[in-house]
Every structure is written in structure tokens, then in C-alpha cells.
$ cat structure_39.cif   # mmCIF, C-alpha atoms and all ligand atoms
data_model
loop_
_atom_site.label_atom_id
_atom_site.label_comp_id
_atom_site.auth_asym_id
_atom_site.auth_seq_id
_atom_site.Cartn_x
_atom_site.Cartn_y
_atom_site.Cartn_z
CA MET A 817 94.30 61.22 109.39
CA VAL A 818 98.07 61.15 109.98
CA THR A 819 100.16 62.38 107.05
CA ALA A 820 103.87 62.78 106.51
CA VAL A 821 103.80 66.54 106.12
CA ASN A 822 106.64 68.93 106.77
CA ASP A 823 105.94 70.62 110.07
CA TYR A 824 108.98 72.93 109.90
CA ILE A 825 106.92 75.95 108.89
CA PHE A 826 109.71 78.42 109.69
CA SER A 827 112.33 76.70 107.52
CA HIS A 828 113.77 78.34 104.43
CA ASP A 829 112.28 75.66 102.17
CA PHE A 830 108.82 76.21 103.60
CA MET A 831 109.05 80.01 103.42
CA SER A 832 110.16 79.96 99.79
CA ASP A 833 107.18 77.81 98.75
CA PRO A 834 104.44 77.57 101.39
CA TYR A 835 101.74 76.84 98.82
CA THR A 836 102.86 73.33 97.97
CA TYR A 837 102.61 72.55 101.68
CA PHE A 838 99.26 74.33 102.13
CA ALA A 839 97.82 72.43 99.13
CA GLN A 840 99.06 69.13 100.52
CA LEU A 841 97.48 69.91 103.88
CA ARG A 842 94.17 71.03 102.40
CA GLU A 843 94.03 67.85 100.39
CA ASN A 844 95.13 65.33 103.02
CA ASP A 845 94.71 66.82 106.47
CA PRO A 846 92.74 70.08 106.38
CA VAL A 847 92.68 70.41 110.17
CA HIS A 848 96.25 69.49 110.95
CA TRP A 849 98.03 69.23 114.29
CA ASN A 850 101.54 70.61 113.83
CA GLU A 851 103.56 68.51 116.23
CA LYS A 852 106.70 70.59 115.98
CA TYR A 853 105.08 73.87 117.13
CA GLN A 854 102.07 72.39 118.92
CA LEU A 855 99.40 74.21 116.96
CA TRP A 856 96.45 73.53 114.68
CA LEU A 857 96.69 74.47 111.02
CA VAL A 858 93.30 74.98 109.39
CA THR A 859 93.42 75.33 105.61
CA ARG A 860 89.93 74.82 104.13
CA HIS A 861 88.16 77.94 102.95
CA GLU A 862 84.79 77.11 104.52
CA ASP A 863 86.44 76.27 107.85
CA LEU A 864 88.25 79.60 107.78
CA LEU A 865 85.00 81.47 107.25
CA TRP A 866 83.37 79.58 110.11
CA LEU A 867 86.22 79.73 112.58
CA PRO A 868 86.54 83.47 113.32
CA ARG A 869 82.78 83.64 113.78
CA HIS A 870 83.13 81.38 116.82
CA PRO A 871 85.33 83.33 119.20
CA GLU A 872 83.98 81.25 122.09
CA LEU A 873 85.92 78.32 120.58
CA PHE A 874 88.76 80.13 118.78
CA SER A 875 89.81 83.11 120.83
CA SER A 876 91.92 85.96 119.45
CA VAL A 877 93.28 86.64 122.93
CA VAL A 878 96.45 84.74 122.17
CA PHE A 879 99.36 86.72 123.58
CA LYS A 880 97.64 87.29 126.91
CA ASN A 881 96.24 83.80 127.43
CA ASP A 882 98.70 81.36 125.88
CA PRO A 883 100.97 80.25 128.74
CA ARG A 884 103.38 78.37 126.48
CA PRO A 885 106.84 79.66 125.58
CA PRO A 886 107.19 81.37 122.21
CA TYR A 887 107.64 79.42 119.00
CA PRO A 888 110.11 79.02 117.40
CA ALA A 889 112.18 78.81 120.60
CA ILE A 890 114.12 81.81 121.89
CA ASP A 891 117.16 82.26 124.13
CA GLU A 892 116.15 81.24 127.66
CA SER A 893 117.62 84.49 128.98
CA ASP A 894 115.18 86.52 126.82
CA MET A 895 112.00 85.29 128.54
CA GLY A 896 111.72 88.60 130.45
CA VAL A 897 111.90 90.50 127.17
CA TYR A 898 109.20 88.20 125.80
CA GLU A 899 106.91 89.20 128.70
CA PHE A 900 107.31 92.86 127.69
CA ILE A 901 106.47 91.96 124.07
CA LYS A 902 103.43 89.93 125.13
CA ASP A 903 102.17 92.79 127.25
CA PHE A 904 102.50 95.18 124.31
CA PHE A 905 100.79 92.92 121.74
CA SER A 906 97.97 92.05 124.12
CA LYS A 907 96.79 95.68 123.86
CA TRP A 908 96.27 95.49 120.09
CA MET A 909 92.59 95.44 119.10
CA ILE A 910 93.20 92.29 117.03
CA GLN A 911 94.18 90.49 120.25
CA HIS A 912 90.68 90.79 121.70
CA ASP A 913 87.36 88.96 121.36
CA ARG A 914 83.91 90.50 121.58
CA PRO A 915 82.78 92.66 123.31
CA LYS A 916 86.21 94.20 123.96
CA HIS A 917 87.17 93.90 120.30
CA GLN A 918 84.04 95.72 119.17
CA GLN A 919 84.65 98.45 121.72
CA THR A 920 88.25 99.18 120.67
CA ARG A 921 87.59 98.65 116.98
CA GLY A 922 84.60 101.00 117.29
CA VAL A 923 86.97 103.92 117.92
CA VAL A 924 88.28 103.80 114.34
CA HIS A 925 85.35 102.04 112.64
CA ALA A 926 83.78 105.13 111.07
CA TYR A 927 87.13 106.25 109.67
CA PHE A 928 87.56 103.12 107.54
CA ASN A 929 84.66 103.61 105.17
CA PRO A 930 84.82 103.66 101.36
CA LYS A 931 84.03 107.39 101.09
CA SER A 932 86.74 108.49 103.48
CA GLN A 933 89.29 106.14 101.90
CA GLU A 934 88.38 107.39 98.43
CA SER A 935 89.38 110.90 99.50
CA TRP A 936 92.98 109.64 99.68
CA ARG A 937 93.13 108.74 95.99
CA PRO A 938 94.65 112.08 94.76
CA LEU A 939 97.44 111.89 97.37
CA VAL A 940 98.20 108.26 96.53
CA GLN A 941 98.26 108.99 92.79
CA HIS A 942 100.49 112.02 93.32
CA ALA A 943 102.88 109.94 95.47
CA ILE A 944 103.00 107.14 92.85
CA LYS A 945 103.81 109.63 90.11
CA GLY A 946 106.52 111.26 92.20
CA LEU A 947 108.22 107.93 93.01
CA LEU A 948 108.15 106.83 89.37
CA ASP A 949 109.44 110.24 88.20
CA ASP A 950 112.36 109.89 90.63
CA VAL A 951 113.61 106.72 88.96
CA GLU A 952 112.60 107.35 85.36
CA ASP A 953 116.00 108.65 84.23
CA GLN A 954 117.75 105.63 85.75
CA GLY A 955 115.75 103.32 83.48
CA SER A 956 115.44 100.73 86.26
CA MET A 957 114.40 100.50 89.88
CA ASP A 958 114.52 98.28 92.94
CA LEU A 959 110.77 97.80 93.32
CA MET A 960 110.82 97.22 97.06
CA ARG A 961 113.29 99.97 97.98
CA ASP A 962 112.21 102.65 95.48
CA PHE A 963 108.45 102.12 95.34
CA ALA A 964 106.70 99.43 97.38
CA THR A 965 108.16 100.59 100.71
CA PRO A 966 108.10 104.40 100.47
CA LEU A 967 104.56 104.56 99.00
CA PRO A 968 102.52 102.98 101.83
CA VAL A 969 104.77 104.44 104.53
CA LEU A 970 104.10 107.89 103.10
CA VAL A 971 100.34 107.27 102.97
CA ILE A 972 99.95 105.86 106.47
CA ALA A 973 102.22 108.52 108.00
CA GLN A 974 100.08 111.16 106.32
CA MET A 975 96.81 109.51 107.47
CA MET A 976 98.09 109.39 111.03
CA GLY A 977 99.26 113.00 110.80
CA MET A 978 102.88 112.13 111.47
CA PRO A 979 105.68 114.42 110.31
CA PHE A 980 106.66 113.77 106.68
CA GLU A 981 110.35 113.58 107.51
CA ASP A 982 109.81 110.71 109.99
CA ARG A 983 108.94 108.13 107.30
CA LYS A 984 112.33 106.41 107.13
CA PHE A 985 112.56 106.31 110.91
CA ILE A 986 109.05 104.77 111.13
CA ARG A 987 110.00 102.05 108.65
CA SER A 988 113.28 101.24 110.42
CA MET A 989 111.43 100.74 113.74
CA ALA A 990 108.78 98.60 112.03
CA GLU A 991 111.51 96.41 110.50
CA LYS A 992 112.84 95.66 113.98
CA LEU A 993 109.34 94.86 115.31
CA LEU A 994 108.83 92.48 112.37
CA LEU A 995 111.66 90.25 113.60
CA ILE A 996 109.14 88.78 116.06
CA GLY A 997 107.79 86.61 113.22
CA ARG A 998 111.18 85.11 112.35
CA SER A 999 112.86 82.02 113.73
CA ASP A 1000 116.17 83.44 115.03
CA LEU A 1001 116.87 82.45 118.63
CA ASP A 1002 117.96 85.99 119.49
CA ARG A 1003 115.10 87.87 117.78
CA MET A 1004 113.39 89.08 121.00
CA ARG A 1005 115.77 91.89 121.94
CA PRO A 1006 115.85 93.74 118.60
CA SER A 1007 112.10 93.25 118.28
CA ALA A 1008 111.52 94.69 121.78
CA GLU A 1009 113.87 97.55 120.91
CA GLY A 1010 111.74 98.37 117.84
CA ILE A 1011 108.58 98.27 119.97
CA GLN A 1012 110.08 100.54 122.63
CA GLU A 1013 111.26 103.02 119.99
CA LEU A 1014 107.80 103.05 118.42
CA LEU A 1015 106.20 103.61 121.85
CA ASP A 1016 108.64 106.45 122.60
CA TYR A 1017 107.88 107.97 119.21
CA VAL A 1018 104.08 107.68 119.31
CA THR A 1019 103.42 108.55 123.01
CA PRO A 1020 104.24 112.30 122.79
CA LEU A 1021 102.27 112.56 119.53
CA VAL A 1022 99.21 111.07 121.26
CA GLU A 1023 99.68 113.43 124.22
CA ASP A 1024 99.77 116.31 121.76
CA ARG A 1025 96.53 115.22 120.00
CA LEU A 1026 94.73 115.02 123.33
CA VAL A 1027 95.26 118.76 123.84
CA ASN A 1028 95.54 119.89 120.20
CA PRO A 1029 93.13 117.71 118.22
CA GLY A 1030 93.68 117.59 114.46
CA ASP A 1031 91.79 115.97 111.58
CA ASP A 1032 94.01 112.87 111.46
CA LEU A 1033 93.65 109.23 112.43
CA LEU A 1034 95.83 109.69 115.49
CA THR A 1035 93.35 112.25 116.83
CA ILE A 1036 90.53 109.73 116.29
CA LEU A 1037 92.47 107.14 118.29
CA ALA A 1038 93.26 109.67 121.03
CA ASN A 1039 89.53 110.47 121.25
CA GLY A 1040 89.05 106.84 122.24
CA GLU A 1041 90.70 107.72 125.53
CA LYS A 1042 88.47 110.76 126.01
CA THR A 1043 85.33 108.66 125.49
CA GLY A 1044 86.63 105.95 127.82
CA GLU A 1045 86.77 103.24 125.13
CA MET A 1046 90.54 102.89 125.35
CA THR A 1047 93.18 103.49 127.98
CA ARG A 1048 96.20 105.65 127.10
CA GLU A 1049 98.30 102.53 126.72
CA GLU A 1050 95.74 101.03 124.35
CA VAL A 1051 95.63 104.22 122.27
CA VAL A 1052 99.41 104.18 121.91
CA ALA A 1053 99.62 100.43 121.20
CA ASN A 1054 96.85 100.61 118.57
CA ALA A 1055 98.46 103.65 116.96
CA VAL A 1056 101.57 101.48 116.56
CA LEU A 1057 99.38 98.65 115.19
CA ILE A 1058 97.82 100.88 112.53
CA LEU A 1059 101.13 102.50 111.65
CA PHE A 1060 102.57 99.04 111.10
CA ALA A 1061 99.50 97.22 109.66
CA GLY A 1062 98.88 100.13 107.34
CA HIS A 1063 102.14 99.73 105.45
CA GLU A 1064 103.76 96.29 105.89
CA THR A 1065 100.82 94.50 104.26
CA THR A 1066 100.73 96.86 101.30
CA ILE A 1067 104.48 96.50 100.70
CA ASN A 1068 103.97 92.75 100.46
CA LEU A 1069 100.96 93.11 98.16
CA ILE A 1070 102.84 95.33 95.70
CA CYS A 1071 105.94 93.11 95.69
CA ASN A 1072 104.18 89.72 95.57
CA GLY A 1073 101.71 90.99 92.98
CA THR A 1074 104.40 92.42 90.71
CA LEU A 1075 106.42 89.21 90.99
CA ALA A 1076 103.35 87.14 90.10
CA LEU A 1077 102.62 89.32 87.06
CA GLY A 1078 106.28 89.10 86.02
CA ASN A 1079 106.04 85.33 86.18
CA HIS A 1080 102.77 85.30 84.21
CA LEU A 1081 103.35 87.73 81.37
CA ASP A 1082 100.12 86.73 79.64
CA GLN A 1083 98.26 88.14 82.67
CA TRP A 1084 100.45 91.26 82.63
CA ASP A 1085 99.56 91.80 78.97
CA LEU A 1086 95.84 91.46 79.74
CA LEU A 1087 96.17 94.09 82.47
CA ARG A 1088 98.13 96.45 80.21
CA GLN A 1089 95.49 96.20 77.49
CA ASP A 1090 92.71 97.26 79.89
CA PRO A 1091 94.09 98.74 83.11
CA ALA A 1092 90.86 100.52 84.08
CA GLY A 1093 88.74 97.43 83.51
CA LYS A 1094 91.10 94.83 85.00
CA MET A 1095 92.82 96.59 87.89
CA LYS A 1096 90.27 95.73 90.55
CA SER A 1097 90.18 92.02 89.71
CA THR A 1098 93.99 91.98 89.37
CA ILE A 1099 94.40 93.32 92.90
CA GLU A 1100 91.82 90.88 94.27
CA GLU A 1101 93.67 88.05 92.55
CA CYS A 1102 97.08 89.21 93.82
CA LEU A 1103 95.65 89.23 97.37
CA ARG A 1104 94.45 85.68 96.85
CA TYR A 1105 97.27 84.23 94.76
CA ASP A 1106 100.24 85.18 96.95
CA SER A 1107 98.72 86.80 99.98
CA PRO A 1108 100.56 89.51 101.94
CA VAL A 1109 99.39 87.77 105.15
CA LYS A 1110 99.80 84.02 104.97
CA SER A 1111 98.64 82.98 108.40
CA LEU A 1112 96.67 84.18 111.39
C1 LIG B 1 97.06 94.72 101.34
C2 LIG B 1 96.81 95.39 102.44
C3 LIG B 1 96.30 94.80 103.72
C4 LIG B 1 96.12 93.50 104.10
C5 LIG B 1 96.43 92.24 103.32
C6 LIG B 1 95.60 93.52 105.45
C7 LIG B 1 95.30 92.38 106.19
C8 LIG B 1 94.72 92.41 107.44
C9 LIG B 1 94.37 91.23 108.21
C10 LIG B 1 94.61 89.80 107.76
C11 LIG B 1 93.82 91.64 109.36
C12 LIG B 1 93.28 90.77 110.51
C13 LIG B 1 94.35 90.65 111.54
C14 LIG B 1 93.95 89.84 112.76
O1 LIG B 1 92.77 89.83 113.13
O2 LIG B 1 94.85 89.22 113.40
C15 LIG B 1 93.82 93.10 109.34
C16 LIG B 1 93.32 93.88 110.34
C17 LIG B 1 93.43 95.26 110.36
N1 LIG B 1 94.01 96.07 109.40
FE1 LIG B 1 94.70 95.45 107.62
N2 LIG B 1 95.47 94.82 105.86
C18 LIG B 1 95.90 95.64 104.84
C19 LIG B 1 95.97 97.02 104.85
C20 LIG B 1 95.63 97.82 105.91
C21 LIG B 1 95.76 99.25 105.94
C22 LIG B 1 96.28 100.10 104.77
C23 LIG B 1 95.33 99.67 107.16
C24 LIG B 1 95.26 101.06 107.74
C25 LIG B 1 95.27 102.15 107.05
C26 LIG B 1 94.92 98.49 107.90
C27 LIG B 1 94.41 98.49 109.16
C28 LIG B 1 93.92 97.39 109.82
C29 LIG B 1 93.24 97.42 111.11
C30 LIG B 1 92.91 98.67 111.93
C31 LIG B 1 92.92 96.09 111.46
C32 LIG B 1 92.18 95.60 112.71
C33 LIG B 1 90.72 95.44 112.38
C34 LIG B 1 89.92 94.75 113.46
O3 LIG B 1 90.49 94.17 114.41
O4 LIG B 1 88.68 94.78 113.37
N3 LIG B 1 95.13 97.38 107.11
N4 LIG B 1 94.36 93.52 108.15
#

$ encode --input "structure_39.cif" --output "C-alpha cells" --more "lines below"
Ligand code: HEM
Amino acid sequence: MVTAVNDYIFSHDFMSDPYTYFAQLRENDPVHWNEKYQLWLVTRHEDLLWLPRHPELFSSVVFKNDPRPPYPAIDESDMGVYEFIKDFFSKWMIQHDRPKHQQTRGVVHAYFNPKSQESWRPLVQHAIKGLLDDVEDQGSMDLMRDFATPLPVLVIAQMMGMPFEDRKFIRSMAEKLLLIGRSDLDRMRPSAEGIQELLDYVTPLVEDRLVNPGDDLLTILANGEKTGEMTREEVVANAVLILFAGHETTINLICNGTLALGNHLDQWDLLRQDPAGKMKSTIEECLRYDSPVKSL
């Protein structure tokens, strides 16, 4: 069915309210061909459960296999830089199908279990208290700057066993890498710069873990090279992936969730009356209501 939908999914209007558009698509054209960017948009829940279970039809090997130029368009002169970026992203575990995906994912699989994650609770609680104490006397805070950004960066840096003092540097490199998802014509160079800086930062740390193993996530990744499940380049690229995936998403969850609660004070009051009982469902609902990751 052909519908008059807005295909400019990188425009300011779209970004500031994607849900009106998603709802319109789901209602009128749930498997929509976006003419502007030449891609399919699939919006129905049951389709989205089915789709990733059919990698033979819907491959995750996008950066390596898609021969088309990037979208939105970039400066023609930056195509060489784009090749470098493609090469880097194609080593991420999320850019593979089975069996390669299972093999690379298997390196960290055991680490991400409820028991091991639970052991991080005291550190996270301590970090939350410290960040709130820091701003208490001010009587106000910039949620993103003072809380939502430093908290997950601290946690993931600690999990990876990266020096405490490198947190701001890690975030500044990640911010450059993130430009890849924007629409600016000249976004490739700063994004590639962020990637190169992250590679230069992580590579010596991986080399160190290969000879001096620790009890951190970076050591687990480095072991993937020892067991032959990953190459050195894959270890480094996936260390960058986890460093980045482990904080950017959580920043968005905290900020979008707090904004949603601020806009729905009745829900905020319900949470305040019963934080222990309602926190889990509140977080689940924040993930659903204004998701930190809006497309794959
Ligand atoms: C609110 C928080 C988070 C959200 C919304 C989120 C979302 C996602 C999504 C949508 C994917 C699939 C990506 C794809 O296949 O293209 C993914 C994969 C992944 N995420 Fe997260 N994530 C969050 C937090 C984290 C954290 C804290 C870590 C690490 C400590 C992490 C590590 C990973 C890893 C390793 C993968 C790849 C898994 C695989 O390929 O099997 N994520 N995440």
C-alpha cells in the first residue's frame, strides 16, 4: 500500500517526534519502502520478533556487504574515510550472522549473566550516591552532564578494567564516533578520528592483558584471541563496541526515562510511593516508551 509518509527520517522534525511517524507506518504501511534512503522500515512487533530469527533473509552483515554509498549522503571526497569506517564496524560482533556471530559472542557470553551483573550493584549504588552528593549543595543539576553520562562511563570503564582517570577521554572519543549516525555531510572525518583514537587507546591495553591477565572484561575479550575465536583486530574492535555500547545506551535510558517521568507526574508519584515495588516495571516501561535505541 502506498502512503504519503515522511521519508526524511534524519530531519529535525522526525528526530524530535519519531513516534508519530512510527505509529502512522505501523497503522498504514507496516513494511514500508523508504524511497529517500532506499531501505525497508519494519514496524510491527510480531514482524520484529520474526525477522532477526531469519538471518538467511535478513543479514546483520551490513557494513561489509552493502555496496551502496552511505546514507544520508557524505562529501564525495570522504569515500576513502568511509571505507576505513566500514572496515572497523564490520569487525563488531553485531555485524555478523551465525555461526560467526555465535563464535565471537561466545567469548563474552558467560560474563553477561545475572549473577555476575548483580555483583556490580554495590559499585553502581556507591557511584550514584557520590554523583548526587556532588550536586546536592547546588540544589539543581544538569541531568545529562552531572549524572546520566558520568555514571555509565564509570561503570563500563571499571568493568573493562580501564584506568579511572580515562573516563572523560573515553566519552569524548565516543562522542566523535557517534557522529556516524547523524546527517551532516562532513561527519565521516571526525567520526573516523574518534574511531582511530579509540583504537590507539584500546590496542596497548589489550596487548597488556594478553601478557598480564586480570579479572576484567578486557581480559575476557583478549582471551578470545588466545583461544582462536577472535583475531587481534576483532578483540580490539569489540572492546571498543562494548566500551561504547555499555554507556551510550544507558545515558539515553536515564535521560529519556527521566524526561518521560517529568512529563507524566502521576507516574512519577506512583514510583515515589513504592520505589522498591515499581522500579523494575518503570525501567521496562522507559525502555519501551522512549527507547534508547530507536532503530536497527
Ligand atoms: C539501556 C541499556 C542498553 C540498551 C538499550 C542496549 C541495547 C542493545 C541492542 C539494541 C543491541 C543489539 C544491537 C545489534 O544487534 O545491532 C545490543 C547488543 C549488545 N549490547 Fe547492549 N544495550 C544496553 C546496555 C548494554 C551494556 C551496559 C552493555 C555492556 C556492559 C551492553 C553490551 C552489549 C553487547 C556486548 C551486545 C552484542 C550482543 C550480541 O551481538 O549478541 N549493552 N544492546

$ residues_around --input "structure_39.cif" --residues "A:Asp962" --least-positions-apart "6" --cutoff "10 Å" --atoms "only C-alpha atoms" --output "list of chain:residue names"
A:Leu947, A:Leu948, A:Asp950, A:Val951, A:Ser956

$ closest_residue --input "structure_39.cif" --among "A:Gly1062, A:Pro979, A:Pro885, A:Pro846" --to "A:Thr965" --atoms "only C-alpha atoms"
A:Gly1062

$ residues_near_ligand --input "structure_39.cif" --ligand "ligand LIG 1 (chain B)" --cutoff "8 Å" --atoms "all atoms listed in the file" --output "number ranges by chain"
A: 876, 909-911, 917-918, 921, 924, 928, 968, 972, 975, 1054, 1057-1059, 1061-1069, 1103, 1107-1109, 1111-1112

$ closest_residue --input "structure_39.cif" --among "A:Pro930, A:Gly946, A:Glu1013, A:Gly896" --to "A:Ser988" --atoms "only C-alpha atoms"
A:Glu1013

$ atom_distance --input "structure_39.cif" --atom1 "atom CA of A:Glu862" --atom2 "atom CA of A:His828"
29.0 Å

$ atom_distance --input "structure_39.cif" --atom1 "atom CA of A:Arg987" --atom2 "atom CA of A:Pro938"
23.0 Å

$ closest_residue --input "structure_39.cif" --among "A:Glu1045, A:Asp823, A:Asp1024, A:Asp913" --to "A:Pro868" --atoms "all atoms listed in the file"
A:Asp913

$ closest_residue --input "structure_39.cif" --among "A:Glu872, A:Lys1042, A:Val1056, A:Glu1049" --to "A:Gly1010" --atoms "all atoms listed in the file"
A:Val1056

$ closest_residue --input "structure_39.cif" --among "A:Leu873, A:Ala1008, A:Val878, A:Ala1076" --to "A:Asp894" --atoms "only C-alpha atoms"
A:Ala1008

$ atom_distance --input "structure_39.cif" --atom1 "atom CA of A:Ile825" --atom2 "atom CA of A:Ile986"
29.0 Å

$ closest_residue --input "structure_39.cif" --among "A:Leu1086, A:Trp936, A:Lys907, A:Pro883" --to "A:Thr1047" --atoms "only C-alpha atoms"
A:Lys907

$ residues_around --input "structure_39.cif" --residues "A:Leu1021" --least-positions-apart "6" --cutoff "12 Å" --atoms "only C-alpha atoms" --output "VMD selection string"
chain A and resid 976 to 979 1014 to 1015 1027 to 1030 1032 to 1035 1037 to 1038 1048 1051 to 1052 1055 to 1056

$ residues_around --input "structure_39.cif" --residues "A:Leu1001" --least-positions-apart "3" --cutoff "10 Å" --atoms "all atoms listed in the file" --output "list in words"
Tyr887, Pro888, Ala889, Ile890, Asp891, Glu892, Asp894, Arg998 and Met1004 of chain A
